[in-house]
$ cat my_file-v1.txt   # compact mmCIF, C-alpha atoms
# COMPACT_ATOMS: atom_id res chain seq x y z
CA MET J 293 72.14 41.73 38.78
CA ILE J 294 70.59 44.90 40.15
CA SER J 295 67.29 44.13 41.86
CA GLN J 296 64.02 45.63 40.72
CA ARG J 297 63.67 47.21 44.15
CA THR J 298 67.02 48.99 43.75
CA LEU J 299 66.12 50.19 40.26
CA PHE J 300 62.78 51.42 41.62
CA LEU J 301 64.50 53.49 44.29
CA GLN J 302 67.08 54.82 41.81
CA HIS J 303 64.89 55.71 38.85
CA VAL J 304 61.25 56.07 39.96
CA ALA J 305 60.67 59.42 41.68
CA GLN J 306 59.85 58.97 45.35
CA THR J 307 57.45 61.10 47.36
CA SER J 308 58.67 60.05 50.81
CA ASP J 309 61.71 58.54 52.49
CA PHE J 310 59.73 55.47 53.51
CA PRO J 311 57.93 53.93 50.50
CA LEU J 312 56.20 50.62 51.20
CA CYS J 313 58.29 48.93 48.47
CA LEU J 314 55.82 46.06 48.07
CA GLU J 315 56.65 44.29 44.81
CA ILE J 316 53.20 43.38 43.55
CA GLU J 317 53.09 41.00 40.62
CA LYS J 318 49.35 40.40 40.33
CA ALA J 319 46.07 41.77 41.62
CA GLU J 320 42.73 39.99 41.43
CA GLY J 321 39.46 40.76 43.18
CA MET J 322 40.22 41.66 46.80
CA TYR J 323 43.85 40.53 46.77
CA LEU J 324 47.33 41.68 45.77
CA THR J 325 50.09 39.10 45.28
CA ASP J 326 53.79 39.91 45.50
CA ILE J 327 56.81 38.35 43.82
CA ASN J 328 57.15 35.88 46.70
CA ASN J 329 53.54 34.74 46.23
CA LYS J 330 52.44 36.41 49.46
CA THR J 331 48.89 37.75 49.27
CA TYR J 332 47.52 40.93 50.82
CA LEU J 333 43.86 41.69 51.47
CA ASP J 334 43.33 45.16 50.01
CA LEU J 335 41.63 47.49 52.51
CA ILE J 336 42.39 50.75 50.68
CA SER J 337 41.46 50.12 47.01
CA GLY J 338 44.32 52.35 45.84
CA ILE J 339 42.64 55.11 47.93
CA SER J 340 39.06 54.45 46.83
CA VAL J 341 39.88 53.58 43.21
CA SER J 342 39.14 49.86 42.83
CA ASN J 343 35.52 49.83 44.03
CA LEU J 344 34.85 46.65 42.01
CA GLY J 345 38.11 45.08 43.09
CA HIS J 346 41.02 44.36 40.78
CA ARG J 347 40.63 43.13 37.19
CA HIS J 348 36.86 42.90 37.19
CA PRO J 349 35.90 40.69 34.21
CA ALA J 350 33.43 43.19 32.74
CA ILE J 351 36.11 45.88 32.66
CA ILE J 352 38.79 43.60 31.25
CA ASN J 353 36.47 42.38 28.48
CA ALA J 354 35.39 45.91 27.56
CA VAL J 355 39.01 47.01 27.24
CA LYS J 356 39.94 43.99 25.10
CA GLU J 357 37.06 44.70 22.73
CA GLN J 358 38.02 48.36 22.35
CA LEU J 359 41.65 47.46 21.66
CA GLU J 360 40.46 45.72 18.50
CA LYS J 361 38.85 48.97 17.27
CA TYR J 362 41.13 51.89 18.13
CA THR J 363 43.08 53.22 21.06
CA TYR J 364 43.56 56.95 20.63
CA LEU J 365 41.75 59.64 18.67
CA MET J 366 41.72 63.37 19.36
CA VAL J 367 39.52 63.62 22.42
CA TYR J 368 38.37 67.15 23.16
CA GLY J 369 34.99 67.46 21.54
CA GLU J 370 35.93 67.28 17.85
CA PHE J 371 35.33 63.62 16.93
CA VAL J 372 32.17 61.71 17.83
CA GLN J 373 33.54 58.73 19.75
CA SER J 374 31.20 55.97 20.83
CA PRO J 375 33.03 55.20 24.13
CA GLN J 376 32.73 58.84 25.21
CA VAL J 377 29.13 59.26 24.09
CA LYS J 378 27.90 56.05 25.73
CA LEU J 379 29.68 56.83 28.98
CA ALA J 380 28.39 60.40 29.08
CA GLN J 381 24.84 59.26 28.31
CA LEU J 382 24.79 56.62 31.06
CA LEU J 383 26.47 58.88 33.60
CA ILE J 384 24.03 61.72 32.97
CA SER J 385 21.10 59.31 33.25
CA GLN J 386 22.15 58.67 36.85
CA LEU J 387 22.41 62.36 37.78
CA PRO J 388 19.71 64.89 38.59
CA SER J 389 18.96 67.98 36.52
CA PRO J 390 20.69 70.26 35.63
CA LEU J 391 23.83 68.08 35.53
CA ASP J 392 23.71 67.10 31.87
CA SER J 393 27.14 67.82 30.33
CA CYS J 394 30.46 66.01 30.98
CA TYR J 395 33.99 67.12 30.31
CA PHE J 396 36.31 64.10 30.53
CA VAL J 397 39.81 64.46 31.93
CA ASN J 398 42.51 62.11 33.26
CA SER J 399 42.41 62.53 37.03
CA GLY J 400 40.77 64.12 40.03
CA SER J 401 43.21 67.02 40.11
CA GLU J 402 42.40 67.80 36.49
CA ALA J 403 38.68 67.57 37.19
CA ASN J 404 39.01 70.15 39.95
CA GLU J 405 41.24 72.38 37.83
CA GLY J 406 38.63 72.33 35.07
CA ALA J 407 35.82 73.00 37.54
CA MET J 408 37.62 76.05 38.96
CA LYS J 409 38.30 77.43 35.49
CA LEU J 410 34.68 76.85 34.52
CA ALA J 411 33.37 78.67 37.60
CA LYS J 412 35.64 81.67 37.08
CA ARG J 413 34.82 81.87 33.39
CA TYR J 414 31.05 81.54 33.91
CA THR J 415 30.73 83.99 36.82
CA GLY J 416 33.43 86.44 35.77
CA ARG J 417 34.67 86.35 39.38
CA GLN J 418 38.05 85.36 40.83
CA GLU J 419 37.42 84.44 44.46
CA ILE J 420 37.32 80.74 45.34
CA ILE J 421 36.23 79.37 48.71
CA SER J 422 37.36 76.00 50.04
CA PHE J 423 37.70 74.36 53.44
CA LYS J 424 40.42 73.72 55.97
CA ASN J 425 41.73 70.14 55.95
CA ALA J 426 40.16 69.53 52.53
CA TYR J 427 42.10 67.72 49.82
CA HIS J 428 41.47 68.43 46.14
CA GLY J 429 44.71 67.42 44.38
CA SER J 430 48.38 68.33 43.97
CA THR J 431 48.52 70.55 40.88
CA GLN J 432 49.20 74.22 41.60
CA GLY J 433 45.58 75.29 41.30
CA CYS J 434 44.37 72.43 43.49
CA LEU J 435 47.22 72.99 45.91
CA SER J 436 45.95 76.55 46.30
CA ILE J 437 42.61 75.32 47.64
CA ILE J 438 43.62 72.35 49.78
CA GLY J 439 43.31 72.96 53.49
CA SER J 440 46.84 72.41 54.78
CA ASP J 441 49.56 75.06 54.79
CA GLU J 442 52.14 72.37 55.55
CA TYR J 443 51.63 70.86 52.11
CA LYS J 444 51.64 74.11 50.16
CA ASN J 445 54.00 76.57 51.88
CA SER J 446 57.00 75.33 49.91
CA PHE J 447 55.25 75.96 46.58
CA LYS J 448 54.01 79.52 47.06
CA PRO J 449 53.00 81.82 45.48
CA LEU J 450 49.86 79.97 44.46
CA LEU J 451 46.48 81.21 43.23
CA PRO J 452 45.33 84.48 44.80
CA SER J 453 41.84 85.21 46.14
CA ILE J 454 41.43 81.92 48.01
CA ILE J 455 39.39 81.96 51.24
CA GLN J 456 39.25 78.95 53.53
CA LEU J 457 36.38 78.20 55.87
CA ASP J 458 35.90 75.76 58.72
CA PHE J 459 33.80 72.78 57.68
CA ASN J 460 30.50 72.58 59.58
CA CYS J 461 30.86 76.18 60.78
CA GLU J 462 27.61 77.95 59.90
CA LYS J 463 29.01 81.35 60.82
CA ASP J 464 31.71 81.00 58.14
CA ILE J 465 29.07 80.57 55.43
CA GLU J 466 28.48 84.32 55.64
CA LYS J 467 31.92 84.84 54.06
CA ILE J 468 30.47 83.65 50.74
CA SER J 469 29.66 86.82 48.81
CA LYS J 470 28.90 88.22 45.37
CA ASN J 471 32.67 88.24 44.80
CA THR J 472 32.77 84.45 45.14
CA ALA J 473 33.06 82.50 41.88
CA CYS J 474 32.63 79.13 43.56
CA VAL J 475 32.64 77.15 46.75
CA ILE J 476 34.34 73.77 46.45
CA VAL J 477 33.65 71.16 49.12
CA GLU J 478 33.88 67.43 49.72
CA PRO J 479 30.44 66.14 50.82
CA ILE J 480 32.37 63.81 53.13
CA MET J 481 35.83 65.08 53.99
CA GLY J 482 38.24 62.29 53.10
CA GLU J 483 41.84 63.14 53.95
CA ALA J 484 40.65 64.98 57.07
CA GLY J 485 39.79 61.52 58.43
CA ILE J 486 36.11 61.06 57.42
CA ILE J 487 34.34 64.19 58.60
CA ILE J 488 30.57 64.26 58.02
CA PRO J 489 28.46 67.40 57.44
CA LYS J 490 26.17 68.30 60.34
CA ASN J 491 23.01 70.38 60.81
CA ASP J 492 22.19 70.59 57.09
CA PHE J 493 25.54 72.24 56.43
CA LEU J 494 25.55 71.36 52.72
CA LEU J 495 21.98 72.59 52.32
CA LYS J 496 22.96 75.90 53.92
CA LEU J 497 25.94 76.17 51.56
CA ARG J 498 23.58 75.59 48.64
CA LYS J 499 21.22 78.31 49.84
CA LYS J 500 24.02 80.85 50.30
CA CYS J 501 25.48 80.10 46.87
CA ASP J 502 22.05 80.63 45.32
CA GLU J 503 21.75 83.98 47.11
CA THR J 504 25.15 85.21 45.91
CA GLY J 505 25.21 83.66 42.42
CA SER J 506 28.25 81.58 43.35
CA LEU J 507 28.63 78.08 41.91
CA LEU J 508 28.67 75.15 44.31
CA ILE J 509 31.20 72.45 43.42
CA PHE J 510 31.06 69.03 45.04
CA ASP J 511 34.36 67.15 44.92
CA GLU J 512 33.23 63.51 44.84
CA ILE J 513 36.55 62.13 43.74
CA GLN J 514 36.82 59.85 46.79
CA THR J 515 33.13 59.50 47.57
CA GLY J 516 31.76 58.69 44.11
CA PHE J 517 30.64 55.44 42.53
CA GLY J 518 29.09 53.69 45.49
CA ARG J 519 31.57 54.16 48.30
CA THR J 520 29.07 55.88 50.61
CA GLY J 521 26.12 53.57 49.95
CA LYS J 522 24.76 55.77 47.16
CA LEU J 523 26.17 56.18 43.68
CA PHE J 524 27.17 59.71 44.74
CA ALA J 525 27.41 61.07 48.27
CA PHE J 526 25.33 64.20 47.57
CA GLU J 527 22.29 61.92 47.21
CA HIS J 528 22.34 61.40 50.99
CA PHE J 529 21.86 65.11 51.60
CA GLN J 530 19.34 66.09 48.89
CA VAL J 531 21.63 68.86 47.67
CA VAL J 532 22.58 69.12 43.98
CA PRO J 533 25.80 70.96 43.06
CA ASP J 534 26.31 73.23 40.07
CA ILE J 535 29.46 71.30 39.20
CA LEU J 536 30.35 67.74 40.18
CA THR J 537 33.94 66.48 40.02
CA ILE J 538 34.64 62.75 39.81
CA ALA J 539 37.58 60.41 39.20
CA LYS J 540 39.24 57.58 41.23
CA ALA J 541 36.63 54.77 41.16
CA MET J 542 35.15 56.08 37.91
CA GLY J 543 37.46 54.07 35.64
CA GLY J 544 37.58 50.73 37.43
CA GLY J 545 41.37 51.04 37.62
CA PHE J 546 41.90 53.06 34.45
CA PRO J 547 42.81 56.77 34.49
CA ILE J 548 39.79 58.98 33.95
CA GLY J 549 37.96 61.83 35.64
CA ALA J 550 35.34 64.39 34.73
CA PHE J 551 33.73 67.63 35.74
CA VAL J 552 30.00 67.63 35.15
CA SER J 553 27.70 70.62 34.95
CA SER J 554 24.78 71.99 32.96
CA ASN J 555 25.00 72.65 29.23
CA SER J 556 24.32 76.31 29.89
CA ILE J 557 27.31 76.62 32.23
CA MET J 558 29.63 74.33 30.28
CA SER J 559 29.00 76.14 26.99
CA CYS J 560 31.00 79.16 28.16
CA LEU J 561 34.19 77.18 27.45
CA LYS J 562 33.40 77.34 23.71
CA ASN J 563 34.27 81.00 23.24
CA ASN J 564 36.28 83.91 24.59
CA PRO J 565 38.55 82.09 24.04
CA VAL J 566 37.61 79.26 21.74
CA LEU J 567 38.93 75.94 23.15
CA GLY J 568 38.68 77.40 26.64
CA HIS J 569 39.69 74.07 28.12
CA ILE J 570 41.52 71.32 26.24
CA THR J 571 43.19 68.00 27.03
CA THR J 572 45.25 65.53 25.04
CA PHE J 573 44.18 62.30 26.73
CA GLY J 574 41.07 63.08 28.80
CA GLY J 575 38.25 60.82 27.61
CA HIS J 576 40.65 58.30 26.07
CA ALA J 577 38.66 55.47 24.46
CA ILE J 578 40.21 52.73 26.60
CA SER J 579 39.50 54.58 29.84
CA CYS J 580 35.96 55.42 28.69
CA VAL J 581 34.99 51.80 27.92
CA ALA J 582 36.46 50.74 31.26
CA ALA J 583 34.47 53.46 33.03
CA LEU J 584 31.32 52.49 31.13
CA ALA J 585 31.66 48.82 32.13
CA ASN J 586 32.38 49.90 35.71
CA LEU J 587 29.24 52.04 35.89
CA GLN J 588 27.07 49.45 34.13
CA THR J 589 28.16 46.86 36.70
CA LEU J 590 27.37 49.13 39.65
CA ILE J 591 23.91 49.84 38.21
CA ALA J 592 23.13 46.23 37.31
CA ASP J 593 24.29 44.68 40.60
CA LYS J 594 22.47 46.90 43.05
CA SER J 595 23.72 44.86 46.03
CA LEU J 596 27.21 46.29 45.56
CA ILE J 597 25.96 49.69 46.70
CA THR J 598 22.97 48.73 48.86
CA GLY J 599 25.21 46.34 50.81
CA VAL J 600 27.69 49.05 51.79
CA GLU J 601 25.93 50.10 54.99
CA GLU J 602 25.72 46.58 56.41
CA LYS J 603 29.41 46.07 55.67
CA ARG J 604 30.19 49.34 57.44
CA LYS J 605 28.25 48.14 60.48
CA LEU J 606 30.15 44.85 60.45
CA PHE J 607 33.46 46.72 60.62
CA GLU J 608 32.08 48.85 63.44
CA ARG J 609 30.88 45.85 65.45
CA ASN J 610 34.19 44.04 65.07
CA LEU J 611 36.58 46.92 65.68
CA ILE J 612 36.16 47.64 69.35
CA HIS J 613 39.34 48.20 71.34
CA PRO J 614 40.34 50.63 74.13
CA LYS J 615 43.21 51.96 72.01
CA ILE J 616 40.79 52.95 69.21
CA LYS J 617 39.91 56.46 70.37
CA LYS J 618 37.26 57.08 67.70
CA PHE J 619 35.57 55.10 64.94
CA ARG J 620 34.42 57.50 62.20
CA SER J 621 32.67 56.25 59.11
CA PHE J 622 30.35 56.97 56.25
CA GLY J 623 29.71 53.94 54.08
CA LEU J 624 32.97 52.15 53.36
CA MET J 625 35.01 55.22 54.27
CA ILE J 626 36.27 54.38 57.74
CA ALA J 627 38.81 55.96 60.09
CA LEU J 628 40.19 54.39 63.26
CA GLU J 629 41.73 57.12 65.39
CA PHE J 630 44.68 56.28 67.65
CA GLU J 631 46.69 58.35 70.12
CA SER J 632 49.49 59.23 67.70
CA PHE J 633 50.88 58.81 64.19
CA GLU J 634 53.68 56.65 65.56
CA PHE J 635 51.23 54.18 67.07
CA ASN J 636 49.08 54.24 63.95
CA LYS J 637 52.08 53.64 61.67
CA SER J 638 53.18 50.69 63.80
CA VAL J 639 49.71 49.15 63.53
CA ILE J 640 49.65 49.70 59.76
CA ASP J 641 53.10 48.14 59.31
CA CYS J 642 52.12 45.16 61.46
CA CYS J 643 48.92 44.65 59.44
CA ILE J 644 50.92 44.63 56.22
CA THR J 645 53.29 41.96 57.55
CA LYS J 646 50.19 39.90 58.40
CA GLY J 647 48.75 40.31 54.88
CA VAL J 648 46.29 43.19 55.30
CA LEU J 649 47.03 46.38 53.38
CA THR J 650 45.90 49.63 54.97
CA ASP J 651 47.10 53.23 55.26
CA TRP J 652 46.66 56.57 57.05
CA PHE J 653 45.08 59.90 56.09
CA LEU J 654 47.02 62.83 54.69
CA PHE J 655 45.58 65.41 57.11
CA ASN J 656 44.78 63.03 59.96
CA SER J 657 47.87 60.89 60.30
CA ASN J 658 46.93 59.32 63.62
CA SER J 659 43.93 57.61 61.99
CA LEU J 660 44.03 54.31 60.10
CA ARG J 661 42.20 54.22 56.76
CA ILE J 662 39.77 51.48 55.75
CA ALA J 663 38.28 51.82 52.26
CA PRO J 664 38.07 48.34 50.73
CA PRO J 665 36.58 47.38 47.39
CA LEU J 666 32.80 47.18 47.63
CA ILE J 667 33.01 43.47 46.81
CA ILE J 668 34.55 42.61 50.19
CA THR J 669 32.75 39.70 51.86
CA GLU J 670 31.61 39.19 55.45
CA SER J 671 34.34 36.64 56.08
CA GLU J 672 36.99 38.97 54.64
CA ILE J 673 35.76 41.80 56.86
CA LYS J 674 36.00 39.58 59.94
CA PHE J 675 39.47 38.41 58.93
CA ALA J 676 40.63 42.00 58.40
CA CYS J 677 39.23 43.11 61.74
CA ASP J 678 40.93 40.20 63.53
CA ILE J 679 44.27 41.17 61.99
CA ILE J 680 43.84 44.85 62.91
CA LEU J 681 43.03 43.93 66.51
CA GLU J 682 46.01 41.56 66.64
CA ALA J 683 48.23 44.35 65.33
CA ILE J 684 46.93 46.75 67.98
CA ASN J 685 47.51 44.22 70.74
CA GLN J 686 51.10 43.66 69.63
CA GLN J 687 52.02 47.31 70.11
CA PRO J 688 53.70 48.36 73.38
$ encode --input "my_file-v1.txt" --output "structure tokens"
Amino acid sequence: MISQRTLFLQHVAQTSDFPLCLEIEKAEGMYLTDINNKTYLDLISGISVSNLGHRHPAIINAVKEQLEKYTYLMVYGEFVQSPQVKLAQLLISQLPSPLDSCYFVNSGSEANEGAMKLAKRYTGRQEIISFKNAYHGSTQGCLSIIGSDEYKNSFKPLLPSIIQLDFNCEKDIEKISKNTACVIVEPIMGEAGIIIPKNDFLLKLRKKCDETGSLLIFDEIQTGFGRTGKLFAFEHFQVVPDILTIAKAMGGGFPIGAFVSSNSIMSCLKNNPVLGHITTFGGHAISCVAALANLQTLIADKSLITGVEEKRKLFERNLIHPKIKKFRSFGLMIALEFESFEFNKSVIDCCITKGVLTDWFLFNSNSLRIAPPLIITESEIKFACDIILEAINQQP
């Protein structure tokens, strides 16, 4: 009989020559279990997706209840669907003015695509500004604005009129002009290896966008829903975007994203042309009830978010080693920088054999990623740190 692993390699499209090939049979809370009943402590949450861990009871129950009602109805603003309305209402209640209108999509890439379209349509401008080493998704529009030529050269031509700035470079802010439709930025740069804004950089971006009439878009696809110690990262910096994009942890493991703006901005998608942005599955009832239960849980159990900073400090106190060149963090977004990708990959592989699942960063491959579910306990943090240090010590 052909093994499942062989069938996987033959029929499921691969994105690298070295997939992990872990055969996971079950996931619960902090742990993944493979077909041999080996467990893995999850330190990456599917890249900041499972903030409440795997199969959280509130999410599972919400999905089961919705399955008894209906699964799919036409989603893009024609039918009044309770799962969408309740989710939008609760989400907006947690956001500052003027963010009061949600457009639900399926993923982070789609959220950013919608946000770019919205900005161009509202301003009547074509120029988009993004940042070097930023990651915003893999669709062609998003690929146009990510900050790595290595990942997009093979797919050119892409969108025209894209300008890329250096993050934290105040001089570059002057390149924002009255030709600029929008500036899209991660409040904390994720795939760059956890890069934090300095010297009120986000505030200065906000001021320049106000001066030029450009829309400021915050990509909170990795940082949203508690990962930074606030529900959204922009709350740390007292800067409100014109458009907020969210996904990943939004659905508690179910596919959903959104771009959020003001009613006045969002309304431009209603005409010239009508149906200016449409989706077949964005705002699917099952994903919406999962996202609603996810958000309700984060709001009700405040310790999940307020406890993030202490957990970050615990990682920092326990991960001290001469081969760790830098420890960068913001909330439970942590990067351990090593001397090379080869050394980092060896540490990651060793951790996995010892039952701790971790990863690297797309644009900072010599750094090890730690982004566990927010439910991780003190003892699990200490165990994970012990394994990481063991793995480092076992490298030549």
$ residues_around --input "my_file-v1.txt" --residues "Ser342 in chain J" --least-positions-apart "6" --cutoff "6 Å" --atoms "only C-alpha atoms" --output "number ranges by chain"
J: 541, 544-545, 665
$ residues_around --input "my_file-v1.txt" --residues "range 379-383 of chain J" --least-positions-apart "2" --cutoff "10 Å" --atoms "only C-alpha atoms" --output "PyMOL selection string"
chain J and resi 374-377+385-387+391-396+550+552+575+580-585+587-588+591
$ write_last_selection --input "my_file-v1.txt" --atoms "C-alpha atoms" --output "CSV table (one decimal), keeping the file's coordinate frame"
chain,number,residue,atom,x,y,z
J,374,SER,CA,31.2,56.0,20.8
J,375,PRO,CA,33.0,55.2,24.1
J,376,GLN,CA,32.7,58.8,25.2
J,377,VAL,CA,29.1,59.3,24.1
J,385,SER,CA,21.1,59.3,33.2
J,386,GLN,CA,22.2,58.7,36.8
J,387,LEU,CA,22.4,62.4,37.8
J,391,LEU,CA,23.8,68.1,35.5
J,392,ASP,CA,23.7,67.1,31.9
J,393,SER,CA,27.1,67.8,30.3
J,394,CYS,CA,30.5,66.0,31.0
J,395,TYR,CA,34.0,67.1,30.3
J,396,PHE,CA,36.3,64.1,30.5
J,550,ALA,CA,35.3,64.4,34.7
J,552,VAL,CA,30.0,67.6,35.2
J,575,GLY,CA,38.2,60.8,27.6
J,580,CYS,CA,36.0,55.4,28.7
J,581,VAL,CA,35.0,51.8,27.9
J,582,ALA,CA,36.5,50.7,31.3
J,583,ALA,CA,34.5,53.5,33.0
J,584,LEU,CA,31.3,52.5,31.1
J,585,ALA,CA,31.7,48.8,32.1
J,587,LEU,CA,29.2,52.0,35.9
J,588,GLN,CA,27.1,49.4,34.1
J,591,ILE,CA,23.9,49.8,38.2
$ closest_residue --input "my_file-v1.txt" --among "J:Asn685, J:Ala627, J:Met558, J:Ile570" --to "His613 in chain J" --atoms "all atoms listed in the file"
J:Asn685
$ residues_around --input "my_file-v1.txt" --residues "Ser436 in chain J" --least-positions-apart "6" --cutoff "8 Å" --atoms "all atoms listed in the file" --output "CSV table (one decimal) with C-alpha atoms, in the coordinates of the input"
chain,number,residue,atom,x,y,z
J,444,LYS,CA,51.6,74.1,50.2
J,450,LEU,CA,49.9,80.0,44.5
J,451,LEU,CA,46.5,81.2,43.2
J,454,ILE,CA,41.4,81.9,48.0
$ atom_distance --input "my_file-v1.txt" --atom1 "CA of Leu324 in chain J" --atom2 "CA of Val355 in chain J"
21.0 Å
$ closest_atom_pairs --input "my_file-v1.txt" --of "range 482-552 of chain J" --to "range 465-469 of chain J" --cutoff "9 Å" --atoms "all atoms listed in the file" --output "CSV"
residue,atom,partner,partner_atom,distance
J:Lys496,CA,J:Ile465,CA,7.8
J:Leu497,CA,J:Ile465,CA,6.6
J:Lys500,CA,J:Ile468,CA,7.0
J:Cys501,CA,J:Ile468,CA,7.2
J:Glu503,CA,J:Ser469,CA,8.6
J:Thr504,CA,J:Ser469,CA,5.6
J:Gly505,CA,J:Ser469,CA,8.4
J:Ser506,CA,J:Ser469,CA,7.7
